[in-house]
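**Student:** If it helps, the file is called upload-v6.csv and holds CSV, C-alpha atoms:
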```
chain,number,residue,atom,x,y,z
A,14,MET,CA,-100.8,-61.7,-40.5
A,15,SER,CA,-103.7,-60.4,-38.5
A,16,SER,CA,-106.5,-60.6,-41.1
A,17,THR,CA,-107.8,-63.7,-39.5
A,18,THR,CA,-108.4,-62.0,-36.2
A,19,GLY,CA,-110.9,-59.6,-37.9
A,20,VAL,CA,-114.4,-60.6,-38.7
A,21,GLN,CA,-114.7,-63.1,-41.5
A,22,ARG,CA,-116.8,-61.5,-44.2
A,23,GLU,CA,-117.6,-62.2,-47.8
A,24,THR,CA,-116.8,-58.7,-49.0
A,25,HIS,CA,-113.6,-57.0,-47.8
A,26,ALA,CA,-113.5,-53.3,-47.6
A,27,ASP,CA,-110.3,-51.6,-48.8
A,28,ILE,CA,-107.7,-50.4,-46.3
A,29,ALA,CA,-105.5,-47.3,-46.3
A,30,PRO,CA,-101.8,-48.0,-46.9
A,31,GLY,CA,-100.2,-48.0,-43.5
A,32,ASP,CA,-103.3,-49.1,-41.7
A,33,GLU,CA,-103.4,-52.6,-40.4
A,34,HIS,CA,-106.4,-54.8,-40.8
A,35,GLY,CA,-108.1,-56.0,-37.6
A,36,ALA,CA,-105.6,-54.4,-35.3
A,37,GLY,CA,-108.0,-53.6,-32.5
A,38,ASP,CA,-105.5,-54.1,-29.8
A,39,ILE,CA,-102.7,-51.6,-29.1
A,40,ARG,CA,-100.4,-54.3,-27.7
A,41,LYS,CA,-100.8,-56.4,-30.8
A,42,ALA,CA,-100.0,-53.4,-33.0
A,43,ILE,CA,-96.8,-52.6,-31.0
A,44,TYR,CA,-95.8,-56.3,-31.1
A,45,GLY,CA,-96.1,-56.2,-34.9
A,46,TYR,CA,-93.6,-53.4,-35.1
A,47,LEU,CA,-91.2,-55.1,-32.7
A,48,VAL,CA,-91.2,-58.3,-34.8
A,49,GLY,CA,-90.5,-56.3,-37.9
A,50,PHE,CA,-87.7,-54.4,-36.2
A,51,ALA,CA,-86.1,-57.6,-35.0
A,52,LEU,CA,-86.2,-59.2,-38.4
A,53,ALA,CA,-84.9,-56.0,-40.1
A,54,THR,CA,-82.1,-55.7,-37.6
A,55,LEU,CA,-81.1,-59.3,-38.1
A,56,LEU,CA,-81.0,-58.9,-41.9
A,57,SER,CA,-79.0,-55.7,-41.6
A,58,ILE,CA,-76.4,-57.4,-39.4
A,59,VAL,CA,-76.1,-60.3,-41.7
A,60,SER,CA,-75.6,-57.9,-44.6
A,61,PHE,CA,-72.9,-56.0,-42.8
A,62,THR,CA,-71.0,-59.0,-41.6
A,63,LEU,CA,-71.3,-60.7,-45.1
A,64,ALA,CA,-69.8,-57.6,-46.8
A,65,ARG,CA,-66.7,-57.7,-44.7
A,66,SER,CA,-66.3,-61.4,-44.4
A,67,THR,CA,-63.6,-63.3,-46.2
A,68,MET,CA,-65.1,-66.7,-45.5
A,69,VAL,CA,-67.5,-66.6,-48.4
A,70,TRP,CA,-66.7,-67.1,-52.1
A,71,THR,CA,-66.3,-63.4,-53.0
A,72,PRO,CA,-68.1,-63.2,-56.4
A,73,SER,CA,-71.3,-64.3,-54.7
A,74,ILE,CA,-71.3,-61.5,-52.2
A,75,PRO,CA,-73.0,-58.8,-54.4
A,76,ILE,CA,-75.8,-61.2,-55.2
A,77,ALA,CA,-76.2,-62.3,-51.6
A,78,LEU,CA,-76.4,-58.6,-50.6
A,79,SER,CA,-79.0,-57.9,-53.2
A,80,VAL,CA,-81.1,-60.8,-52.0
A,81,LEU,CA,-80.8,-59.7,-48.3
A,82,ALA,CA,-81.7,-56.1,-49.3
A,83,ILE,CA,-84.9,-57.3,-51.1
A,84,ALA,CA,-85.8,-59.5,-48.1
A,85,GLN,CA,-85.3,-56.6,-45.8
A,86,MET,CA,-87.4,-54.3,-48.0
A,87,GLY,CA,-90.1,-56.9,-47.9
A,88,VAL,CA,-90.0,-57.0,-44.1
A,89,HIS,CA,-90.3,-53.2,-44.0
A,90,LEU,CA,-93.3,-53.3,-46.4
A,91,VAL,CA,-95.2,-55.9,-44.5
A,92,PHE,CA,-94.4,-55.0,-40.9
A,93,PHE,CA,-94.0,-51.2,-41.1
A,94,LEU,CA,-96.1,-50.1,-44.1
A,95,HIS,CA,-98.6,-53.0,-43.7
A,96,ILE,CA,-98.7,-53.6,-47.4
A,97,THR,CA,-99.7,-57.2,-47.5
A,98,SER,CA,-101.3,-59.6,-50.0
A,99,GLY,CA,-104.6,-59.5,-48.2
A,100,PRO,CA,-107.8,-58.9,-50.2
A,101,ASP,CA,-108.2,-55.4,-48.5
A,102,ASN,CA,-104.8,-54.4,-49.9
A,103,VAL,CA,-105.2,-55.2,-53.6
A,104,ASN,CA,-105.2,-51.6,-54.7
A,105,ASN,CA,-102.1,-50.7,-52.7
A,106,LEU,CA,-100.3,-53.8,-53.9
A,107,LEU,CA,-101.1,-53.2,-57.5
A,108,ALA,CA,-99.8,-49.6,-57.3
A,109,LEU,CA,-96.6,-51.0,-55.8
A,110,ALA,CA,-96.3,-53.7,-58.5
A,111,PHE,CA,-96.6,-51.1,-61.2
A,112,GLY,CA,-94.0,-49.0,-59.5
A,113,LEU,CA,-91.6,-51.9,-59.2
A,114,LEU,CA,-92.1,-52.7,-62.9
A,115,ILE,CA,-91.0,-49.2,-63.8
A,116,VAL,CA,-88.1,-49.4,-61.4
A,117,MET,CA,-86.8,-52.6,-62.9
A,118,LEU,CA,-87.2,-51.3,-66.5
A,119,LEU,CA,-85.3,-48.1,-65.5
A,120,VAL,CA,-82.4,-49.8,-63.6
A,121,PHE,CA,-81.8,-52.9,-65.6
A,122,GLY,CA,-82.6,-51.2,-68.9
A,123,SER,CA,-80.0,-48.5,-68.2
A,124,LEU,CA,-77.4,-51.1,-67.1
A,125,TRP,CA,-78.0,-53.2,-70.2
A,126,ILE,CA,-77.9,-50.4,-72.7
A,127,VAL,CA,-74.8,-48.7,-71.2
A,128,SER,CA,-72.9,-52.0,-70.9
A,129,ASN,CA,-73.6,-52.6,-74.6
A,130,LEU,CA,-72.4,-49.1,-75.5
A,131,ASN,CA,-69.2,-49.6,-73.4
A,132,HIS,CA,-68.6,-52.9,-75.1
A,133,ASN,CA,-69.0,-51.4,-78.6
A,134,MET,CA,-66.9,-48.3,-77.8
A,135,MET,CA,-63.5,-48.0,-79.3
A,136,PRO,CA,-60.7,-48.4,-76.8
A,137,MET,CA,-59.6,-45.1,-75.3
A,138,GLN,CA,-56.1,-45.3,-76.9
A,139,ASP,CA,-57.5,-45.7,-80.4
A,140,ILE,CA,-59.7,-42.7,-79.9
A,141,LEU,CA,-56.6,-40.7,-78.8
A,142,GLN,CA,-54.7,-42.0,-81.8
A,143,MET,CA,-57.4,-40.8,-84.2
A,144,GLN,CA,-57.4,-37.3,-82.6
A,145,ARG,CA,-53.8,-36.7,-83.5
B,20,MET,CA,-111.4,-51.6,-41.2
B,21,SER,CA,-115.0,-51.3,-42.0
B,22,ALA,CA,-115.5,-54.9,-41.0
B,23,LEU,CA,-114.2,-53.9,-37.6
B,24,ALA,CA,-116.5,-51.0,-37.4
B,25,MET,CA,-119.5,-53.2,-38.1
B,26,ASP,CA,-118.5,-55.6,-35.5
B,27,ALA,CA,-118.5,-53.1,-32.7
B,28,ALA,CA,-121.9,-51.9,-31.5
B,29,GLY,CA,-122.7,-49.9,-34.6
B,30,PRO,CA,-120.5,-47.5,-36.5
B,31,ALA,CA,-120.8,-44.8,-33.9
B,32,ALA,CA,-119.2,-46.7,-31.1
B,33,SER,CA,-116.4,-48.3,-33.1
B,34,GLY,CA,-112.7,-48.5,-32.6
B,35,PRO,CA,-110.1,-45.7,-32.7
B,36,ARG,CA,-109.8,-45.6,-36.4
B,37,ALA,CA,-113.4,-45.3,-37.4
B,38,VAL,CA,-113.6,-41.9,-39.1
B,39,ASP,CA,-116.4,-40.7,-41.4
B,40,GLU,CA,-117.2,-44.2,-42.4
B,41,HIS,CA,-120.0,-44.9,-44.9
B,42,GLU,CA,-121.6,-48.1,-45.9
B,43,HIS,CA,-120.3,-47.8,-49.5
B,44,GLY,CA,-117.2,-46.2,-51.0
B,45,ALA,CA,-113.9,-45.5,-49.5
B,46,THR,CA,-113.4,-43.3,-46.4
B,47,LYS,CA,-111.4,-40.1,-46.7
B,48,ARG,CA,-108.6,-41.8,-44.8
B,49,ILE,CA,-108.3,-44.5,-47.5
B,50,ILE,CA,-108.4,-41.9,-50.3
B,51,VAL,CA,-105.7,-39.7,-48.7
B,52,GLY,CA,-103.5,-42.7,-47.8
B,53,TYR,CA,-103.8,-44.1,-51.3
B,54,GLY,CA,-103.1,-40.9,-53.0
B,55,PHE,CA,-100.0,-40.4,-50.8
B,56,TRP,CA,-99.0,-44.0,-51.5
B,57,ILE,CA,-99.1,-43.2,-55.3
B,58,PHE,CA,-96.8,-40.2,-54.6
B,59,LEU,CA,-94.4,-42.3,-52.7
B,60,ILE,CA,-94.2,-44.8,-55.5
B,61,SER,CA,-93.4,-42.0,-57.9
B,62,ASP,CA,-90.7,-40.9,-55.5
B,63,ILE,CA,-89.3,-44.4,-55.5
B,64,ILE,CA,-89.2,-44.3,-59.3
B,65,MET,CA,-87.2,-41.0,-59.1
B,66,PHE,CA,-84.7,-42.7,-56.8
B,67,ALA,CA,-84.5,-45.6,-59.2
B,68,ALA,CA,-83.4,-43.1,-61.9
B,69,PHE,CA,-80.7,-41.7,-59.7
B,70,PHE,CA,-79.7,-45.2,-58.8
B,71,ALA,CA,-79.5,-46.2,-62.4
B,72,ALA,CA,-77.2,-43.3,-63.1
B,73,TYR,CA,-75.0,-44.3,-60.2
B,74,ALA,CA,-74.9,-48.0,-61.3
B,75,VAL,CA,-73.9,-47.0,-64.8
B,76,LEU,CA,-71.2,-44.6,-63.6
B,77,THR,CA,-69.6,-46.5,-60.7
B,78,ASP,CA,-66.5,-47.2,-62.6
B,79,SER,CA,-66.1,-43.8,-64.3
B,80,THR,CA,-63.8,-42.5,-61.7
B,81,ALA,CA,-61.6,-40.4,-64.1
B,82,ALA,CA,-58.5,-41.9,-62.5
B,83,GLY,CA,-59.7,-40.5,-59.1
B,84,PRO,CA,-60.6,-42.3,-55.9
B,85,SER,CA,-62.9,-45.3,-56.4
B,86,ARG,CA,-65.6,-46.5,-54.1
B,87,ARG,CA,-63.2,-49.0,-52.4
B,88,ASP,CA,-61.0,-46.1,-51.3
B,89,LEU,CA,-63.8,-43.9,-50.0
B,90,PHE,CA,-66.6,-45.7,-48.2
B,91,GLU,CA,-66.4,-46.0,-44.4
B,92,ILE,CA,-68.5,-49.0,-43.4
B,93,ARG,CA,-68.5,-48.1,-39.7
B,94,THR,CA,-70.3,-44.8,-40.3
B,95,VAL,CA,-72.7,-46.5,-42.6
B,96,ALA,CA,-73.5,-49.1,-40.0
B,97,ILE,CA,-74.3,-46.4,-37.4
B,98,GLU,CA,-76.4,-44.5,-39.9
B,99,THR,CA,-78.3,-47.6,-40.7
B,100,ALA,CA,-78.9,-48.3,-37.0
B,101,CYS,CA,-80.2,-44.8,-36.5
B,102,LEU,CA,-82.6,-44.9,-39.4
B,103,LEU,CA,-83.9,-48.4,-38.6
B,104,THR,CA,-84.5,-47.6,-35.0
B,105,SER,CA,-86.1,-44.3,-35.9
B,106,SER,CA,-88.5,-46.2,-38.2
B,107,LEU,CA,-89.5,-48.3,-35.2
B,108,PHE,CA,-90.2,-45.3,-33.0
B,109,CYS,CA,-92.0,-43.6,-35.9
B,110,GLY,CA,-94.3,-46.6,-36.0
B,111,LEU,CA,-94.8,-46.4,-32.3
B,112,ALA,CA,-95.7,-42.7,-32.5
B,113,GLY,CA,-98.2,-43.6,-35.2
B,114,ILE,CA,-99.8,-46.2,-32.9
B,115,GLY,CA,-99.8,-43.5,-30.2
B,116,ALA,CA,-101.7,-41.2,-32.5
B,117,THR,CA,-104.2,-43.9,-33.7
B,118,TYR,CA,-105.0,-45.0,-30.1
B,119,ARG,CA,-104.8,-41.4,-28.8
B,120,GLU,CA,-102.0,-42.1,-26.4
B,121,ARG,CA,-100.4,-38.8,-26.1
B,122,ARG,CA,-97.3,-39.9,-24.2
B,123,LEU,CA,-96.5,-42.7,-26.6
B,124,PHE,CA,-97.0,-40.2,-29.5
B,125,TYR,CA,-94.7,-37.5,-28.2
B,126,ALA,CA,-92.0,-39.9,-27.0
B,127,GLY,CA,-92.0,-41.8,-30.3
B,128,MET,CA,-91.8,-38.5,-32.3
B,129,ALA,CA,-89.0,-37.1,-30.1
B,130,ILE,CA,-86.9,-40.2,-30.4
B,131,THR,CA,-87.6,-40.4,-34.2
B,132,PHE,CA,-86.4,-36.8,-34.5
B,133,VAL,CA,-83.2,-37.3,-32.5
B,134,LEU,CA,-82.3,-40.4,-34.5
B,135,GLY,CA,-83.1,-38.8,-37.8
B,136,ALA,CA,-81.0,-35.7,-36.9
B,137,ALA,CA,-78.1,-38.0,-35.9
B,138,PHE,CA,-78.4,-39.8,-39.3
B,139,LEU,CA,-78.3,-36.5,-41.1
B,140,PHE,CA,-75.3,-35.3,-39.0
B,141,LEU,CA,-73.3,-38.4,-39.8
B,142,GLU,CA,-74.1,-38.1,-43.5
B,143,LEU,CA,-73.1,-34.4,-43.7
B,144,ARG,CA,-69.9,-35.3,-41.8
B,145,GLU,CA,-69.2,-38.0,-44.4
B,146,PHE,CA,-69.8,-35.6,-47.2
B,147,ALA,CA,-67.6,-32.9,-45.7
B,148,GLY,CA,-64.8,-35.5,-45.2
B,149,LEU,CA,-65.0,-36.6,-48.8
B,150,ILE,CA,-64.9,-33.0,-50.1
B,151,ALA,CA,-62.0,-32.2,-47.8
B,152,ARG,CA,-60.1,-35.2,-49.3
B,153,GLY,CA,-60.6,-33.8,-52.8
B,154,ALA,CA,-63.4,-36.3,-53.6
B,155,GLY,CA,-66.2,-33.8,-54.0
B,156,PRO,CA,-69.0,-34.1,-56.5
B,157,GLY,CA,-67.0,-32.4,-59.2
B,158,ARG,CA,-64.1,-34.9,-59.1
B,159,SER,CA,-65.6,-37.6,-61.3
B,160,ALA,CA,-68.8,-38.9,-62.9
B,161,PHE,CA,-68.9,-41.6,-60.2
B,162,LEU,CA,-68.7,-39.0,-57.4
B,163,SER,CA,-71.3,-36.8,-59.0
B,164,ALA,CA,-73.7,-39.7,-59.2
B,165,PHE,CA,-72.9,-40.7,-55.7
B,166,PHE,CA,-73.5,-37.3,-54.2
B,167,ALA,CA,-76.7,-36.9,-56.2
B,168,LEU,CA,-78.1,-40.2,-55.0
B,169,ILE,CA,-77.2,-40.1,-51.4
B,170,GLY,CA,-77.8,-36.4,-51.2
B,171,CYS,CA,-81.3,-36.8,-52.6
B,172,HIS,CA,-82.0,-39.2,-49.8
B,173,GLY,CA,-80.5,-36.8,-47.3
B,174,ILE,CA,-82.8,-34.0,-48.6
B,175,HIS,CA,-85.8,-36.3,-48.1
B,176,VAL,CA,-84.8,-37.0,-44.5
B,177,THR,CA,-84.4,-33.2,-43.9
B,178,ALA,CA,-87.9,-32.6,-45.3
B,179,GLY,CA,-89.2,-35.5,-43.1
B,180,LEU,CA,-87.7,-34.0,-40.0
B,181,MET,CA,-89.4,-30.7,-40.7
B,182,TRP,CA,-92.7,-32.5,-41.4
B,183,LEU,CA,-92.2,-34.3,-38.1
B,184,LEU,CA,-92.0,-31.1,-36.1
B,185,THR,CA,-95.1,-29.8,-37.9
B,186,MET,CA,-97.0,-32.9,-36.9
B,187,VAL,CA,-96.0,-32.6,-33.3
B,188,ALA,CA,-97.1,-28.9,-33.3
B,189,GLN,CA,-100.4,-29.8,-35.0
B,190,VAL,CA,-101.2,-32.5,-32.4
B,191,PHE,CA,-100.2,-30.1,-29.7
B,192,ALA,CA,-102.4,-27.3,-31.0
B,193,LYS,CA,-105.3,-29.3,-32.5
B,194,GLY,CA,-105.3,-32.6,-30.7
B,195,PHE,CA,-105.9,-35.9,-32.5
B,196,ARG,CA,-108.4,-34.6,-35.0
B,197,ASP,CA,-109.3,-36.7,-38.0
B,198,ASP,CA,-107.4,-34.5,-40.4
B,199,VAL,CA,-104.4,-34.5,-38.2
B,200,LEU,CA,-104.5,-38.3,-38.0
B,201,ARG,CA,-104.7,-38.5,-41.8
B,202,ARG,CA,-101.5,-36.4,-42.0
B,203,MET,CA,-99.9,-38.6,-39.4
B,204,LEU,CA,-100.7,-41.6,-41.5
B,205,CYS,CA,-99.0,-40.0,-44.5
B,206,PHE,CA,-96.0,-39.0,-42.4
B,207,GLY,CA,-95.6,-42.5,-41.2
B,208,LEU,CA,-95.7,-43.9,-44.8
B,209,PHE,CA,-93.1,-41.3,-45.8
B,210,TRP,CA,-90.7,-42.1,-43.0
B,211,HIS,CA,-90.9,-45.8,-43.5
B,212,THR,CA,-90.4,-45.4,-47.3
B,213,LEU,CA,-87.2,-43.4,-46.6
B,214,ASP,CA,-86.0,-46.3,-44.6
B,215,ILE,CA,-86.8,-48.7,-47.4
B,216,ILE,CA,-84.8,-46.6,-49.8
B,217,TRP,CA,-81.9,-46.5,-47.4
B,218,VAL,CA,-81.9,-50.3,-47.3
B,219,ALA,CA,-81.3,-50.3,-51.0
B,220,LEU,CA,-78.6,-47.6,-50.7
B,221,PHE,CA,-76.6,-49.1,-47.9
B,222,SER,CA,-76.7,-52.6,-49.4
B,223,LEU,CA,-76.1,-51.9,-53.0
B,224,VAL,CA,-74.1,-48.7,-52.9
B,225,TYR,CA,-72.0,-49.0,-49.8
B,226,LEU,CA,-71.7,-52.7,-49.0
B,227,VAL,CA,-71.4,-53.9,-52.6
B,228,GLY,CA,-69.0,-51.0,-53.1
B,229,VAL,CA,-66.5,-52.2,-50.5
B,230,SER,CA,-66.9,-55.9,-51.1
B,231,ARG,CA,-64.5,-57.9,-53.3
```
As structure tokens, how would this structure be written, given the file I've shared?
**Tutor:**
Amino acid sequence: MSSTTGVQRETHADIAPGDEHGAGDIRKAIYGYLVGFALATLLSIVSFTLARSTMVWTPSIPIALSVLAIAQMGVHLVFFLHITSGPDNVNNLLALAFGLLIVMLLVFGSLWIVSNLNHNMMPMQDILQMQR
Amino acid sequence: MSALAMDAAGPAASGPRAVDEHEHGATKRIIVGYGFWIFLISDIIMFAAFFAAYAVLTDSTAAGPSRRDLFEIRTVAIETACLLTSSLFCGLAGIGATYRERRLFYAGMAITFVLGAAFLFLELREFAGLIARGAGPGRSAFLSAFFALIGCHGIHVTAGLMWLLTMVAQVFAKGFRDDVLRRMLCFGLFWHTLDIIWVALFSLVYLVGVSR
């Protein structure tokens, strides 16, 4: 967001996660947080109203909530943690990308495997029948 | 960051964040922040494991109460508001530290603490209510996974509150020294990450839980 306000150089130094590139002005820094807060609040309110609403086709609600959650996490990352796609942020972003890969493998792998197991398991009544 | 430092009249007279900056190599602030960022990502992976356990066990209620019977969305909404606003004020406190604005720092930290404590109070009240209704962590696999997941986040918030008090004490005693500022950077990352995890929890545990 603010990388263009810094000095344009050929080589970009790295930046610590959480620091903002080219934020030389305290007002600009505060403004960034306020924008992020407004966006995050908006997304939260949409999520909460959506979960209770009866106006939407109900099977779509979990997917919509997931999309909103991912969007809000993105807002938090960019505006609060200052993890951006800028050239000074490559290391931070790569670490996050690797973490997300593991998270996805863990969550979707578990769901996939266990749903398969549930599918292949004998119905409960049959199990009870065999135990007699 | 270093580009900024070069731009000002030499590295010595640079902005508020110029620490022990060298021409080549990362500053200590970058190394500390990056190391802490790696820790936070491993923390997120740990939460993902708890979350996977919860996702797998949501319907294993052992004929007990299910998520549709238990979750109170009003409490969750207030908790979310508390944590989100505390994240904003934590960020403002971080700016206060970076720019050496004592008042902004102390005010931001105080509000962050109050909101974090309010969040924790609401969560404990919710837990106590569930246990009183016979829906404690021993009732079913679903409730075990639920208490483990949400409780783990609550423990993190508790640790964050203690860390917050430590940071205030350090700034009070030592001032905005470079090492204190590095710790403050890490604390800000920690608190914001807790908020990110809460976004996943309130959306995918509570809101998806009561929908349909």
**Student:** Kindly provide the residues of chain B that approach chain A to within 7 Å, each paired with its closest atom pair and their distance in Å to one decimal, based on only C-alpha atoms, listed by chain and increasing number, as CSV.
**Tutor:**
```
residue,atom,partner,partner_atom,distance
B:Met20,CA,A:His34,CA,5.9
B:Ser21,CA,A:Ala26,CA,6.1
B:Ala22,CA,A:Val20,CA,6.2
B:Leu23,CA,A:Gly35,CA,6.5
B:Gly34,CA,A:Gly37,CA,6.9
B:Arg48,CA,A:Ala29,CA,6.5
B:Ile49,CA,A:Ala29,CA,4.1
B:Gly52,CA,A:Ala29,CA,5.2
B:Tyr53,CA,A:Ala29,CA,6.2
B:Trp56,CA,A:Pro30,CA,6.7
B:Ile57,CA,A:Ala108,CA,6.7
B:Ile60,CA,A:Gly112,CA,5.8
B:Ile64,CA,A:Val116,CA,5.6
B:Ala67,CA,A:Val116,CA,5.7
B:Ala68,CA,A:Leu119,CA,6.4
B:Ala71,CA,A:Val120,CA,4.8
B:Val75,CA,A:Leu124,CA,5.9
B:Leu107,CA,A:Phe50,CA,6.4
B:Gly110,CA,A:Phe93,CA,6.9
B:Leu111,CA,A:Ile43,CA,6.6
B:Leu204,CA,A:Gly31,CA,6.7
B:Leu208,CA,A:Gly31,CA,6.2
B:His211,CA,A:Phe93,CA,6.7
B:Ile215,CA,A:Met86,CA,5.7
B:Val218,CA,A:Ala82,CA,6.1
B:Ala219,CA,A:Ala82,CA,6.1
B:Ser222,CA,A:Ala82,CA,6.1
B:Leu223,CA,A:Ser79,CA,6.7
B:Leu226,CA,A:Ala64,CA,5.7
B:Val227,CA,A:Pro75,CA,5.5
B:Ser230,CA,A:Ala64,CA,5.5
B:Arg231,CA,A:Thr71,CA,5.8
```
**Student:** Can you tell me which residues surround B:Gly173 at a distance of at most 9 Å, considering only C-alpha atoms, apart from same-chain residues fewer than 4 positions away, and format the answer as a list in words?
**Tutor:**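 Returned residues: Phe138, Leu139, Glu142, Leu143, Leu168, Ile169, Thr177 and Ala178 of chain B.
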**Student:** Kindly give the distance, in Å, that separates atom CA of B:Tyr225 and atom CA of B:Ser85, rounded to a single decimal.
**Tutor:**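 Value for the atom CA of B:Tyr225-atom CA of B:Ser85 distance: 11.8 Å.
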**Student:** My list of candidates is B:Ala45, B:Leu123, B:Trp210, B:Lys193. Which is closest to B:Leu103 when distances are computed with all atoms listed in the file?
**Tutor:**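 Comparing B:Ala45, B:Leu123, B:Trp210, B:Lys193 against B:Leu103, the winner is B:Trp210.
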**Student:** What is the atom CA of B:Ala164-atom CA of B:Thr77 distance in Å, reported with one decimal?
**Tutor:**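 Pair atom CA of B:Ala164 / atom CA of B:Thr77 returns 8.1 Å.
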**Student:** List every protein, DNA or RNA residue that has an atom no more than 10 Å from (-67.2, -34.3, -54.0) in the file's coordinate frame, counting only C-alpha atoms, and report them as a PyMOL selection string.
**Tutor:** chain B and resi 146-159+161-166
**Student:** From the options B:Ala188, B:Asp197, B:Glu145, B:Trp217, which residue's atoms come nearest to B:Ile92, counting only C-alpha atoms?
**Tutor:**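 Of B:Ala188, B:Asp197, B:Glu145, B:Trp217, the one nearest B:Ile92, counting only C-alpha atoms, is B:Glu145.
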**Student:** So how far away is atom CA of B:Thr80 from atom CA of A:Gln138, in Å?
**Tutor:**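 Spanning atom CA of A:Gln138 to atom CA of B:Thr80 is a straight-line distance of 17.3 Å.
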**Student:** Given the point (-64.7, -47.6, -54.3) in the coordinates of this file, which residues lie within 9 Å, counting only C-alpha atoms, and how would they look as a ChimeraX atom specification?
**Tutor:** /B:77-78,84-90,225,228-229
**Student:** How would stretch 31-47 of chain A read, as a compact mmCIF listing (two decimals), in the frame of the given file, once N, CA and C atoms are built in?
**Tutor:**
```txt
# COMPACT_ATOMS: atom_id res chain seq x y z
N GLY A 31 -100.65 -48.41 -44.83
CA GLY A 31 -100.20 -48.00 -43.50
C GLY A 31 -101.07 -48.45 -42.41
N ASP A 32 -102.36 -48.63 -42.71
CA ASP A 32 -103.30 -49.10 -41.70
C ASP A 32 -103.19 -50.65 -41.67
N GLU A 33 -103.52 -51.19 -40.52
CA GLU A 33 -103.40 -52.60 -40.40
C GLU A 33 -104.84 -53.17 -40.21
N HIS A 34 -105.10 -54.27 -40.90
CA HIS A 34 -106.40 -54.80 -40.80
C HIS A 34 -106.63 -55.59 -39.52
N GLY A 35 -107.69 -55.27 -38.84
CA GLY A 35 -108.10 -56.00 -37.60
C GLY A 35 -107.14 -55.80 -36.46
N ALA A 36 -106.44 -54.67 -36.42
CA ALA A 36 -105.60 -54.40 -35.30
C ALA A 36 -106.42 -53.61 -34.25
N GLY A 37 -107.16 -54.32 -33.44
CA GLY A 37 -108.00 -53.60 -32.50
C GLY A 37 -107.31 -53.45 -31.15
N ASP A 38 -106.13 -54.03 -31.04
CA ASP A 38 -105.50 -54.10 -29.80
C ASP A 38 -104.13 -53.35 -29.87
N ILE A 39 -103.89 -52.40 -28.98
CA ILE A 39 -102.70 -51.60 -29.10
C ILE A 39 -101.42 -52.47 -28.86
N ARG A 40 -101.55 -53.46 -27.98
CA ARG A 40 -100.40 -54.30 -27.70
C ARG A 40 -100.02 -55.12 -28.96
N LYS A 41 -101.06 -55.60 -29.64
CA LYS A 41 -100.80 -56.40 -30.80
C LYS A 41 -100.13 -55.53 -31.90
N ALA A 42 -100.58 -54.26 -31.99
CA ALA A 42 -100.00 -53.40 -33.00
C ALA A 42 -98.52 -53.12 -32.69
N ILE A 43 -98.20 -52.87 -31.41
CA ILE A 43 -96.80 -52.60 -31.00
C ILE A 43 -95.98 -53.88 -31.27
N TYR A 44 -96.55 -55.03 -30.92
CA TYR A 44 -95.80 -56.30 -31.10
C TYR A 44 -95.45 -56.48 -32.57
N GLY A 45 -96.37 -56.11 -33.49
CA GLY A 45 -96.10 -56.20 -34.90
C GLY A 45 -94.84 -55.44 -35.31
N TYR A 46 -94.75 -54.20 -34.79
CA TYR A 46 -93.60 -53.40 -35.10
C TYR A 46 -92.31 -53.97 -34.53
N LEU A 47 -92.42 -54.52 -33.32
CA LEU A 47 -91.20 -55.10 -32.70
C LEU A 47 -90.71 -56.29 -33.49
```
